[in-house]
$ cat target-v6.pdb   # PDB, C-alpha atoms, pLDDT in the B column
ATOM      1  CA  MET V   1     128.207 127.549 120.594  1.00 76.00           C
ATOM      2  CA  TRP V   2     126.129 127.566 123.756  1.00 76.00           C
ATOM      3  CA  GLU V   3     125.048 124.279 125.337  1.00 76.00           C
ATOM      4  CA  GLN V   4     122.359 124.039 127.963  1.00 72.00           C
ATOM      5  CA  ALA V   5     124.203 121.218 129.722  1.00 69.00           C
ATOM      6  CA  ARG V   6     126.943 123.658 130.817  1.00 70.00           C
ATOM      7  CA  SER V   7     124.526 125.608 132.996  1.00 70.00           C
ATOM      8  CA  PRO V   8     121.357 123.685 133.837  1.00 70.00           C
ATOM      9  CA  ALA V   9     119.801 126.697 135.586  1.00 75.00           C
ATOM     10  CA  PRO V  10     117.157 128.571 133.509  1.00 73.00           C
ATOM     11  CA  HIS V  11     118.332 131.683 131.660  1.00 73.00           C
ATOM     12  CA  GLU V  12     116.323 134.624 130.410  1.00 76.00           C
ATOM     13  CA  GLY V  13     118.889 135.184 127.676  1.00 78.00           C
ATOM     14  CA  PHE V  14     122.554 135.693 126.824  1.00 77.00           C
ATOM     15  CA  GLU V  15     124.729 137.933 124.657  1.00 81.00           C
ATOM     16  CA  VAL V  16     127.232 137.041 121.965  1.00 80.00           C
ATOM     17  CA  LYS V  17     129.887 139.662 121.168  1.00 81.00           C
ATOM     18  CA  ARG V  18     132.465 139.745 118.395  1.00 78.00           C
ATOM     19  CA  LYS V  19     134.924 142.485 117.477  1.00 82.00           C
ATOM     20  CA  GLY V  20     134.840 143.737 113.891  1.00 80.00           C
ATOM     21  CA  ASP V  21     134.421 146.719 111.566  1.00 82.00           C
ATOM     22  CA  GLN V  22     132.447 145.212 108.677  1.00 84.00           C
ATOM     23  CA  GLU V  23     128.745 144.593 108.118  1.00 83.00           C
ATOM     24  CA  PHE V  24     127.748 140.982 107.616  1.00 84.00           C
ATOM     25  CA  THR V  25     124.939 138.486 108.108  1.00 86.00           C
ATOM     26  CA  VAL V  26     124.977 136.194 111.124  1.00 87.00           C
ATOM     27  CA  ASN V  27     123.659 132.654 110.720  1.00 89.00           C
ATOM     28  CA  ILE V  28     121.987 131.438 113.908  1.00 88.00           C
ATOM     29  CA  ARG V  29     121.116 127.768 114.355  1.00 90.00           C
ATOM     30  CA  LEU V  30     118.769 126.756 117.158  1.00 87.00           C
ATOM     31  CA  GLU V  31     118.562 123.103 118.136  1.00 86.00           C
ATOM     32  CA  MET V  32     115.350 122.780 120.092  1.00 84.00           C
ATOM     33  CA  ASN V  33     115.293 120.815 123.334  1.00 83.00           C
ATOM     34  CA  TYR V  34     111.862 119.230 122.993  1.00 82.00           C
ATOM     35  CA  VAL V  35     110.380 117.628 126.116  1.00 78.00           C
ATOM     36  CA  PRO V  36     109.090 115.075 125.359  1.00 80.00           C
ATOM     37  CA  GLU V  37     111.467 114.363 122.505  1.00 88.00           C
ATOM     38  CA  LYS V  38     110.256 115.031 118.983  1.00 91.00           C
ATOM     39  CA  PHE V  39     111.211 113.341 115.725  1.00 93.00           C
ATOM     40  CA  LYS V  40     111.095 114.131 112.039  1.00 93.00           C
ATOM     41  CA  LEU V  41     109.112 111.585 110.028  1.00 94.00           C
ATOM     42  CA  SER V  42     110.404 109.912 106.889  1.00 93.00           C
ATOM     43  CA  PRO V  43     108.710 110.851 103.582  1.00 93.00           C
ATOM     44  CA  ALA V  44     106.832 107.510 103.483  1.00 92.00           C
ATOM     45  CA  LEU V  45     105.434 107.895 107.013  1.00 93.00           C
ATOM     46  CA  MET V  46     104.776 111.610 106.465  1.00 93.00           C
ATOM     47  CA  GLU V  47     102.671 110.741 103.404  1.00 92.00           C
ATOM     48  CA  VAL V  48     100.516 108.380 105.499  1.00 92.00           C
ATOM     49  CA  LEU V  49      99.954 110.585 108.559  1.00 92.00           C
ATOM     50  CA  GLY V  50     100.349 114.100 107.184  1.00 91.00           C
ATOM     51  CA  ILE V  51     102.697 114.918 110.112  1.00 89.00           C
ATOM     52  CA  GLU V  52     106.184 116.363 109.699  1.00 91.00           C
ATOM     53  CA  VAL V  53     107.511 116.530 113.275  1.00 90.00           C
ATOM     54  CA  ASP V  54     105.936 115.115 116.432  1.00 91.00           C
ATOM     55  CA  THR V  55     106.532 112.980 119.531  1.00 90.00           C
ATOM     56  CA  ARG V  56     106.646 109.185 119.366  1.00 91.00           C
ATOM     57  CA  PRO V  57     103.402 108.678 121.381  1.00 90.00           C
ATOM     58  CA  ARG V  58     101.506 111.039 119.082  1.00 90.00           C
ATOM     59  CA  ILE V  59     102.899 109.329 115.980  1.00 93.00           C
ATOM     60  CA  ILE V  60     101.778 105.922 117.280  1.00 91.00           C
ATOM     61  CA  ALA V  61      98.352 107.365 118.140  1.00 91.00           C
ATOM     62  CA  ALA V  62      98.085 108.804 114.618  1.00 92.00           C
ATOM     63  CA  ILE V  63      98.829 105.364 113.133  1.00 92.00           C
ATOM     64  CA  TRP V  64      96.102 103.896 115.366  1.00 91.00           C
ATOM     65  CA  HIS V  65      93.583 106.481 114.148  1.00 91.00           C
ATOM     66  CA  TYR V  66      94.635 105.802 110.534  1.00 92.00           C
ATOM     67  CA  VAL V  67      93.993 102.073 110.979  1.00 91.00           C
ATOM     68  CA  LYS V  68      90.626 102.654 112.682  1.00 90.00           C
ATOM     69  CA  ALA V  69      89.464 105.198 110.092  1.00 90.00           C
ATOM     70  CA  ARG V  70      90.192 102.814 107.207  1.00 90.00           C
ATOM     71  CA  LYS V  71      88.901  99.714 109.078  1.00 90.00           C
ATOM     72  CA  LEU V  72      92.180  97.840 108.697  1.00 91.00           C
ATOM     73  CA  GLN V  73      92.001  96.099 112.075  1.00 90.00           C
ATOM     74  CA  ASN V  74      91.624  92.324 111.898  1.00 89.00           C
ATOM     75  CA  PRO V  75      88.118  91.442 113.171  1.00 86.00           C
ATOM     76  CA  ASN V  76      89.181  87.927 114.230  1.00 86.00           C
ATOM     77  CA  ASP V  77      92.374  89.040 115.985  1.00 86.00           C
ATOM     78  CA  PRO V  78      92.211  92.742 116.988  1.00 85.00           C
ATOM     79  CA  SER V  79      95.894  92.740 117.954  1.00 87.00           C
ATOM     80  CA  PHE V  80      96.755  92.674 114.209  1.00 90.00           C
ATOM     81  CA  PHE V  81      95.894  95.057 111.385  1.00 92.00           C
ATOM     82  CA  SER V  82      96.246  94.822 107.617  1.00 92.00           C
ATOM     83  CA  CYS V  83      98.580  97.202 105.794  1.00 92.00           C
ATOM     84  CA  ASP V  84      97.258  99.057 102.777  1.00 92.00           C
ATOM     85  CA  VAL V  85      99.577 100.213  99.992  1.00 91.00           C
ATOM     86  CA  ALA V  86     100.714 103.299 101.926  1.00 91.00           C
ATOM     87  CA  LEU V  87     101.456 101.350 105.127  1.00 92.00           C
ATOM     88  CA  GLN V  88     103.282  98.631 103.201  1.00 91.00           C
ATOM     89  CA  LYS V  89     105.743 101.305 102.039  1.00 91.00           C
ATOM     90  CA  VAL V  90     106.400 102.069 105.719  1.00 91.00           C
ATOM     91  CA  PHE V  91     106.440  98.609 107.327  1.00 91.00           C
ATOM     92  CA  GLY V  92     107.191  96.407 104.303  1.00 90.00           C
ATOM     93  CA  GLU V  93     104.630  93.802 105.429  1.00 90.00           C
ATOM     94  CA  GLU V  94     101.029  92.935 104.572  1.00 91.00           C
ATOM     95  CA  LYS V  95      99.939  92.744 108.228  1.00 90.00           C
ATOM     96  CA  MET V  96     101.336  94.075 111.477  1.00 90.00           C
ATOM     97  CA  LYS V  97     100.908  93.574 115.200  1.00 89.00           C
ATOM     98  CA  PHE V  98     100.112  96.727 117.143  1.00 88.00           C
ATOM     99  CA  THR V  99     102.792  96.007 119.727  1.00 87.00           C
ATOM    100  CA  MET V 100     105.450  96.012 116.972  1.00 89.00           C
ATOM    101  CA  VAL V 101     104.571  99.478 115.630  1.00 90.00           C
ATOM    102  CA  SER V 102     106.823 101.348 118.075  1.00 88.00           C
ATOM    103  CA  GLN V 103     109.809  99.211 117.075  1.00 90.00           C
ATOM    104  CA  LYS V 104     109.100  99.300 113.334  1.00 91.00           C
ATOM    105  CA  ILE V 105     108.775 103.081 113.068  1.00 92.00           C
ATOM    106  CA  SER V 106     112.172 103.734 114.694  1.00 91.00           C
ATOM    107  CA  GLN V 107     113.896 103.593 111.306  1.00 92.00           C
ATOM    108  CA  HIS V 108     111.476 106.258 110.033  1.00 93.00           C
ATOM    109  CA  LEU V 109     112.235 108.751 112.849  1.00 94.00           C
ATOM    110  CA  THR V 110     115.200 111.120 112.872  1.00 93.00           C
ATOM    111  CA  PRO V 111     116.088 114.167 115.007  1.00 92.00           C
ATOM    112  CA  PRO V 112     114.234 117.277 113.833  1.00 91.00           C
ATOM    113  CA  PRO V 113     116.266 119.748 111.777  1.00 89.00           C
ATOM    114  CA  PRO V 114     117.534 122.867 113.590  1.00 89.00           C
ATOM    115  CA  ILE V 115     115.905 126.258 113.140  1.00 89.00           C
ATOM    116  CA  HIS V 116     117.960 128.621 110.989  1.00 90.00           C
ATOM    117  CA  LEU V 117     117.799 132.399 111.466  1.00 88.00           C
ATOM    118  CA  GLU V 118     119.664 135.113 109.572  1.00 87.00           C
ATOM    119  CA  HIS V 119     120.457 138.349 111.399  1.00 84.00           C
ATOM    120  CA  LYS V 120     122.095 141.306 109.657  1.00 83.00           C
ATOM    121  CA  ILE V 121     124.746 143.280 111.580  1.00 81.00           C
ATOM    122  CA  LYS V 122     124.641 146.953 110.588  1.00 80.00           C
ATOM    123  CA  LEU V 123     127.340 149.478 111.366  1.00 77.00           C
ATOM    124  CA  SER V 124     125.923 152.444 109.427  1.00 76.00           C
ATOM    125  CA  GLY V 125     122.621 154.264 109.121  1.00 70.00           C
ATOM    126  CA  SER V 126     120.402 156.060 111.598  1.00 67.00           C
ATOM    127  CA  SER V 127     119.970 152.987 113.814  1.00 62.00           C
ATOM    128  CA  PRO V 128     122.950 150.676 113.421  1.00 59.00           C
ATOM    129  CA  ALA V 129     122.222 148.712 116.596  1.00 62.00           C
ATOM    130  CA  GLY V 130     118.711 147.761 115.503  1.00 66.00           C
ATOM    131  CA  THR V 131     116.533 145.206 117.255  1.00 77.00           C
ATOM    132  CA  ALA V 132     115.040 142.277 115.344  1.00 81.00           C
ATOM    133  CA  CYS V 133     112.427 139.810 116.568  1.00 85.00           C
ATOM    134  CA  TYR V 134     111.908 136.251 115.372  1.00 85.00           C
ATOM    135  CA  ASP V 135     108.959 133.977 116.087  1.00 87.00           C
ATOM    136  CA  VAL V 136     109.671 130.353 116.998  1.00 83.00           C
ATOM    137  CA  LEU V 137     106.748 127.980 117.639  1.00 79.00           C
ATOM    138  CA  VAL V 138     107.026 125.867 120.797  1.00 77.00           C
ATOM    139  CA  ASP V 139     104.649 123.502 122.547  1.00 72.00           C
ATOM    140  CA  VAL V 140     103.221 124.371 125.943  1.00 71.00           C
ATOM    141  CA  PRO V 141     103.368 121.102 127.958  1.00 64.00           C
ATOM    142  CA  PHE V 142     100.280 119.801 129.727  1.00 68.00           C
ATOM    143  CA  PRO V 143     100.650 118.575 133.334  1.00 68.00           C
ATOM    144  CA  ILE V 144      99.675 114.997 132.454  1.00 67.00           C
ATOM    145  CA  GLN V 145     101.723 114.827 129.275  1.00 64.00           C
ATOM    146  CA  ARG V 146     104.984 114.125 131.085  1.00 67.00           C
ATOM    147  CA  GLU V 147     103.495 111.236 133.045  1.00 70.00           C
ATOM    148  CA  LEU V 148     101.929 109.835 129.873  1.00 66.00           C
ATOM    149  CA  SER V 149     105.234 110.021 128.021  1.00 67.00           C
ATOM    150  CA  ILE V 150     107.023 108.199 130.844  1.00 70.00           C
ATOM    151  CA  LEU V 151     104.376 105.472 130.768  1.00 68.00           C
ATOM    152  CA  LEU V 152     104.635 104.950 127.007  1.00 66.00           C
ATOM    153  CA  ALA V 153     108.419 105.066 127.086  1.00 68.00           C
ATOM    154  CA  ASN V 154     108.666 102.393 129.766  1.00 70.00           C
ATOM    155  CA  ALA V 155     109.710  99.214 127.973  1.00 59.00           C
ATOM    156  CA  GLU V 156     108.566  96.995 130.822  1.00 64.00           C
ATOM    157  CA  LYS V 157     105.012  98.193 130.453  1.00 67.00           C
ATOM    158  CA  ASN V 158     104.899  96.983 126.840  1.00 73.00           C
ATOM    159  CA  LYS V 159     104.977  93.358 127.973  1.00 74.00           C
ATOM    160  CA  GLU V 160     102.124  93.950 130.379  1.00 77.00           C
ATOM    161  CA  ILE V 161     100.108  95.753 127.685  1.00 79.00           C
ATOM    162  CA  GLU V 162     100.744  92.909 125.218  1.00 81.00           C
ATOM    163  CA  ALA V 163      99.549  90.339 127.777  1.00 83.00           C
ATOM    164  CA  CYS V 164      96.393  92.386 128.355  1.00 86.00           C
ATOM    165  CA  GLU V 165      95.787  92.592 124.611  1.00 86.00           C
ATOM    166  CA  GLU V 166      96.127  88.812 124.277  1.00 87.00           C
ATOM    167  CA  ALA V 167      93.632  88.330 127.119  1.00 89.00           C
ATOM    168  CA  ILE V 168      91.208  90.796 125.474  1.00 91.00           C
ATOM    169  CA  CYS V 169      91.498  88.970 122.126  1.00 89.00           C
ATOM    170  CA  ALA V 170      90.814  85.620 123.803  1.00 89.00           C
ATOM    171  CA  THR V 171      87.778  87.095 125.555  1.00 92.00           C
ATOM    172  CA  ILE V 172      86.456  88.526 122.280  1.00 91.00           C
ATOM    173  CA  ARG V 173      86.790  85.116 120.610  1.00 89.00           C
ATOM    174  CA  LYS V 174      84.875  83.509 123.478  1.00 91.00           C
ATOM    175  CA  ILE V 175      82.139  86.138 123.191  1.00 92.00           C
ATOM    176  CA  HIS V 176      81.751  85.410 119.465  1.00 89.00           C
ATOM    177  CA  GLU V 177      81.580  81.678 120.154  1.00 89.00           C
ATOM    178  CA  HIS V 178      78.928  82.168 122.873  1.00 91.00           C
ATOM    179  CA  ARG V 179      76.915  84.392 120.519  1.00 90.00           C
ATOM    180  CA  ARG V 180      76.910  81.685 117.859  1.00 86.00           C
ATOM    181  CA  ARG V 181      75.835  79.054 120.397  1.00 88.00           C
ATOM    182  CA  ARG V 182      73.118  81.320 121.776  1.00 89.00           C
ATOM    183  CA  ALA V 183      71.750  81.973 118.279  1.00 86.00           C
ATOM    184  CA  PHE V 184      71.738  78.212 117.609  1.00 85.00           C
ATOM    185  CA  PHE V 185      69.793  77.270 120.763  1.00 87.00           C
ATOM    186  CA  LEU V 186      67.499  80.304 120.504  1.00 87.00           C
ATOM    187  CA  GLY V 187      66.453  79.297 116.984  1.00 84.00           C
ATOM    188  CA  PHE V 188      65.848  75.718 118.151  1.00 84.00           C
ATOM    189  CA  SER V 189      63.758  76.822 121.137  1.00 87.00           C
ATOM    190  CA  GLN V 190      61.504  79.100 119.072  1.00 86.00           C
ATOM    191  CA  SER V 191      60.637  76.533 116.377  1.00 85.00           C
ATOM    192  CA  PRO V 192      62.315  73.122 116.778  1.00 86.00           C
ATOM    193  CA  VAL V 193      60.802  71.431 113.680  1.00 86.00           C
ATOM    194  CA  GLU V 194      61.548  74.272 111.274  1.00 85.00           C
ATOM    195  CA  PHE V 195      64.997  74.711 112.783  1.00 82.00           C
ATOM    196  CA  ILE V 196      65.913  71.014 112.352  1.00 84.00           C
ATOM    197  CA  ASN V 197      64.556  70.958 108.774  1.00 83.00           C
ATOM    198  CA  ALA V 198      66.509  74.078 107.849  1.00 82.00           C
ATOM    199  CA  LEU V 199      69.644  72.653 109.497  1.00 80.00           C
ATOM    200  CA  MET V 200      69.356  69.338 107.644  1.00 82.00           C
ATOM    201  CA  GLU V 201      68.745  71.120 104.353  1.00 81.00           C
ATOM    202  CA  SER V 202      71.774  73.313 104.901  1.00 78.00           C
ATOM    203  CA  GLN V 203      73.987  70.340 105.793  1.00 77.00           C
ATOM    204  CA  SER V 204      72.676  68.437 102.763  1.00 78.00           C
ATOM    205  CA  ARG V 205      73.675  71.317 100.491  1.00 74.00           C
ATOM    206  CA  ASP V 206      77.102  71.468 102.074  1.00 72.00           C
ATOM    207  CA  LEU V 207      77.544  67.701 101.664  1.00 76.00           C
ATOM    208  CA  LYS V 208      76.654  67.885  97.988  1.00 71.00           C
ATOM    209  CA  LEU V 209      79.082  70.720  97.441  1.00 70.00           C
ATOM    210  CA  VAL V 210      81.858  68.765  99.143  1.00 69.00           C
ATOM    211  CA  ALA V 211      81.048  65.644  97.071  1.00 67.00           C
ATOM    212  CA  GLY V 212      80.867  67.674  93.863  1.00 60.00           C
ATOM    213  CA  GLU V 213      77.154  67.032  93.434  1.00 57.00           C
ATOM    214  CA  GLY V 214      75.996  70.599  93.808  1.00 52.00           C
ATOM    215  CA  SER V 215      74.559  70.674  90.274  1.00 57.00           C
ATOM    216  CA  ARG V 216      72.406  67.515  90.662  1.00 61.00           C
ATOM    217  CA  ASN V 217      68.661  67.764  91.212  1.00 66.00           C
ATOM    218  CA  ALA V 218      67.342  64.885  93.323  1.00 65.00           C
ATOM    219  CA  GLU V 219      63.709  65.727  92.568  1.00 68.00           C
ATOM    220  CA  LYS V 220      64.207  65.329  88.785  1.00 72.00           C
ATOM    221  CA  GLU V 221      66.135  62.083  89.213  1.00 69.00           C
ATOM    222  CA  ARG V 222      63.173  60.538  91.043  1.00 71.00           C
ATOM    223  CA  ARG V 223      60.958  60.770  87.915  1.00 76.00           C
ATOM    224  CA  SER V 224      61.044  58.134  85.118  1.00 77.00           C
ATOM    225  CA  ASP V 225      61.120  60.849  82.440  1.00 78.00           C
ATOM    226  CA  PHE V 226      64.629  61.705  83.566  1.00 75.00           C
ATOM    227  CA  PHE V 227      65.936  58.314  82.323  1.00 76.00           C
ATOM    228  CA  ASN V 228      64.128  58.484  78.955  1.00 80.00           C
ATOM    229  CA  GLN V 229      66.350  61.252  77.649  1.00 78.00           C
ATOM    230  CA  PRO V 230      68.563  60.646  74.532  1.00 76.00           C
ATOM    231  CA  TRP V 231      71.826  60.609  76.463  1.00 73.00           C
ATOM    232  CA  VAL V 232      70.781  57.760  78.809  1.00 74.00           C
ATOM    233  CA  GLU V 233      71.409  54.909  76.315  1.00 77.00           C
ATOM    234  CA  ASP V 234      74.899  56.135  75.502  1.00 74.00           C
ATOM    235  CA  ALA V 235      75.660  56.557  79.211  1.00 75.00           C
ATOM    236  CA  VAL V 236      74.537  52.980  79.964  1.00 76.00           C
ATOM    237  CA  ILE V 237      76.741  51.567  77.175  1.00 76.00           C
ATOM    238  CA  ARG V 238      79.730  53.534  78.455  1.00 74.00           C
ATOM    239  CA  TYR V 239      79.098  52.264  81.969  1.00 74.00           C
ATOM    240  CA  LEU V 240      78.856  48.604  80.861  1.00 77.00           C
ATOM    241  CA  ASN V 241      81.966  48.813  78.674  1.00 74.00           C
ATOM    242  CA  ARG V 242      84.221  50.557  81.172  1.00 69.00           C
ATOM    243  CA  LYS V 243      87.310  48.654  82.341  1.00 57.00           C
ATOM    244  CA  PRO V 244      86.624  46.831  85.635  1.00 60.00           C
ATOM    245  CA  ALA V 245      88.940  47.193  88.584  1.00 52.00           C
ATOM    246  CA  PRO V 246      91.222  44.173  89.353  1.00 52.00           C
ATOM    247  CA  GLY V 247      89.453  41.577  91.481  1.00 54.00           C
ATOM    248  CA  ASN V 248      85.951  42.900  90.705  1.00 53.00           C
ATOM    249  CA  ASP V 249      83.304  41.363  88.519  1.00 53.00           C
ATOM    250  CA  VAL V 250      82.416  42.907  85.183  1.00 49.00           C
ATOM    251  CA  PRO V 251      79.327  45.158  85.560  1.00 49.00           C
ATOM    252  CA  GLY V 252      76.225  43.351  84.466  1.00 48.00           C
ATOM    253  CA  SER V 253      77.762  39.868  84.728  1.00 48.00           C
ATOM    254  CA  THR V 254      76.365  37.143  86.952  1.00 44.00           C
TER     255      THR V 254
END

$ encode --input "target-v6.pdb" --output "structure tokens"
Amino acid sequence: MWEQARSPAPHEGFEVKRKGDQEFTVNIRLEMNYVPEKFKLSPALMEVLGIEVDTRPRIIAAIWHYVKARKLQNPNDPSFFSCDVALQKVFGEEKMKFTMVSQKISQHLTPPPPIHLEHKIKLSGSSPAGTACYDVLVDVPFPIQRELSILLANAEKNKEIEACEEAICATIRKIHEHRRRRAFFLGFSQSPVEFINALMESQSRDLKLVAGEGSRNAEKERRSDFFNQPWVEDAVIRYLNRKPAPGNDVPGST
């Protein structure tokens, strides 16, 4: 076993020697030192994002893109988003706050598995001390990536970001309210009479719906023909014979 912590200085390579007189296969396990740190995603989170191993900031960014692509963000409160069936398997909730994503996905992240290589040791043949090459994929870091990782990993910054998000949400709500007020006064200024008539008609419909009179037709009730229908006589008898409330006079009495 070779640990990087024992010699922090960079190394071009090292040799491992063992005495023996038999051919065998060497199992080599490489535990990658990812900077920034990478994690293996759980099957549920992997199914949502299509990512097997990645850094925490990239995983959070992928969740953000998933929410935006499927229009799951709450239009009234952009700091929340709704969870579809796939996200509910990950978070176990119907809606989530963006600032809680980093904490919630921790249980779905584990250290990435080591890389296994098999190397055959030969003692016979024309070239017993053969050379073998193995390809291992690594990320080439960008100059700004380290600074970005430090920023996202700083727990103190999360509070500041959350406060900014709350202020943005409050501003968005105010903008929507001002837009509604502007549309109201703009409609009134362009045609006051038509605007008032339309407003009163709309409020009248709402009042009837609240009172349970949405099915009544006031125009028909104004005509005498409406009260000459066969059901009117029976309705009048029922009304006159109904039980009066205590302390009230009987309908139709003097």

$ residues_around --input "target-v6.pdb" --residues "range 120-125 of chain V" --least-positions-apart "2" --cutoff "12 Å" --atoms "all atoms listed in the file" --output "VMD selection string"
chain V and resid 17 to 28 117 to 118 127 to 133

$ write_last_selection --input "target-v6.pdb" --atoms "C-alpha atoms" --output "short mmCIF file (atom, residue, chain, number, x, y, z; two decimals), keeping the file's coordinate frame"
data_model
loop_
_atom_site.label_atom_id
_atom_site.label_comp_id
_atom_site.auth_asym_id
_atom_site.auth_seq_id
_atom_site.Cartn_x
_atom_site.Cartn_y
_atom_site.Cartn_z
CA LYS V 17 129.89 139.66 121.17
CA ARG V 18 132.46 139.74 118.40
CA LYS V 19 134.92 142.49 117.48
CA GLY V 20 134.84 143.74 113.89
CA ASP V 21 134.42 146.72 111.57
CA GLN V 22 132.45 145.21 108.68
CA GLU V 23 128.74 144.59 108.12
CA PHE V 24 127.75 140.98 107.62
CA THR V 25 124.94 138.49 108.11
CA VAL V 26 124.98 136.19 111.12
CA ASN V 27 123.66 132.65 110.72
CA ILE V 28 121.99 131.44 113.91
CA LEU V 117 117.80 132.40 111.47
CA GLU V 118 119.66 135.11 109.57
CA SER V 127 119.97 152.99 113.81
CA PRO V 128 122.95 150.68 113.42
CA ALA V 129 122.22 148.71 116.60
CA GLY V 130 118.71 147.76 115.50
CA THR V 131 116.53 145.21 117.26
CA ALA V 132 115.04 142.28 115.34
CA CYS V 133 112.43 139.81 116.57
#

$ residues_near_point --input "target-v6.pdb" --point "(101.7, 98.5, 112.2)" --cutoff "7 Å" --atoms "all atoms listed in the file" --output "ChimeraX atom specification"
/V:81,91,96-98,100-101

$ atom_distance --input "target-v6.pdb" --atom1 "CA of Leu240 in chain V" --atom2 "CA of Arg223 in chain V"
22.8 Å

$ resolve_selection --input "target-v6.pdb" --expression "the PyMOL selection byres ((chain V and resi 94) around 12)" --output "CSV table (one decimal) with C-alpha atoms, keeping the file's coordinate frame"
chain,number,residue,atom,x,y,z
V,72,LEU,CA,92.2,97.8,108.7
V,74,ASN,CA,91.6,92.3,111.9
V,80,PHE,CA,96.8,92.7,114.2
V,81,PHE,CA,95.9,95.1,111.4
V,82,SER,CA,96.2,94.8,107.6
V,83,CYS,CA,98.6,97.2,105.8
V,84,ASP,CA,97.3,99.1,102.8
V,85,VAL,CA,99.6,100.2,100.0
V,86,ALA,CA,100.7,103.3,101.9
V,87,LEU,CA,101.5,101.4,105.1
V,88,GLN,CA,103.3,98.6,103.2
V,89,LYS,CA,105.7,101.3,102.0
V,90,VAL,CA,106.4,102.1,105.7
V,91,PHE,CA,106.4,98.6,107.3
V,92,GLY,CA,107.2,96.4,104.3
V,93,GLU,CA,104.6,93.8,105.4
V,95,LYS,CA,99.9,92.7,108.2
V,96,MET,CA,101.3,94.1,111.5
V,97,LYS,CA,100.9,93.6,115.2

$ residues_around --input "target-v6.pdb" --residues "Asp77 in chain V" --least-positions-apart "6" --cutoff "9 Å" --atoms "all atoms listed in the file" --output "MDAnalysis selection string"
chainID V and resid 169:170 172:173

$ residues_around --input "target-v6.pdb" --residues "Ala167 in chain V" --least-positions-apart "6" --cutoff "12 Å" --atoms "only C-alpha atoms" --output "list of chain:residue names"
V:Asp77, V:Pro78, V:Ser79, V:Glu160, V:Ile161, V:Arg173, V:Lys174

$ residues_around --input "target-v6.pdb" --residues "Asp54 in chain V" --least-positions-apart "6" --cutoff "8 Å" --atoms "all atoms listed in the file" --output "PyMOL selection string"
chain V and resi 38-41

$ residues_around --input "target-v6.pdb" --residues "Ile60 in chain V" --least-positions-apart "3" --cutoff "8 Å" --atoms "only C-alpha atoms" --output "list in words"
Arg56, Pro57, Ile63, Trp64, Val101 and Ser102 of chain V

$ atom_distance --input "target-v6.pdb" --atom1 "CA of Asp135 in chain V" --atom2 "CA of Ile150 in chain V"
29.8 Å

$ closest_residue --input "target-v6.pdb" --among "V:Gln203, V:Asn241, V:Asn154, V:Asn76" --to "Thr171 in chain V" --atoms "only C-alpha atoms"
V:Asn76

$ closest_residue --input "target-v6.pdb" --among "V:Tyr66, V:Glu147, V:Glu166, V:Leu199" --to "Glu47 in chain V" --atoms "all atoms listed in the file"
V:Tyr66

$ resolve_selection --input "target-v6.pdb" --expression "the PyMOL selection byres ((chain V and resi 109) around 12)" --output "MDAnalysis selection string"
chainID V and resid 37:46 51:56 59:60 90 102:108 110:113
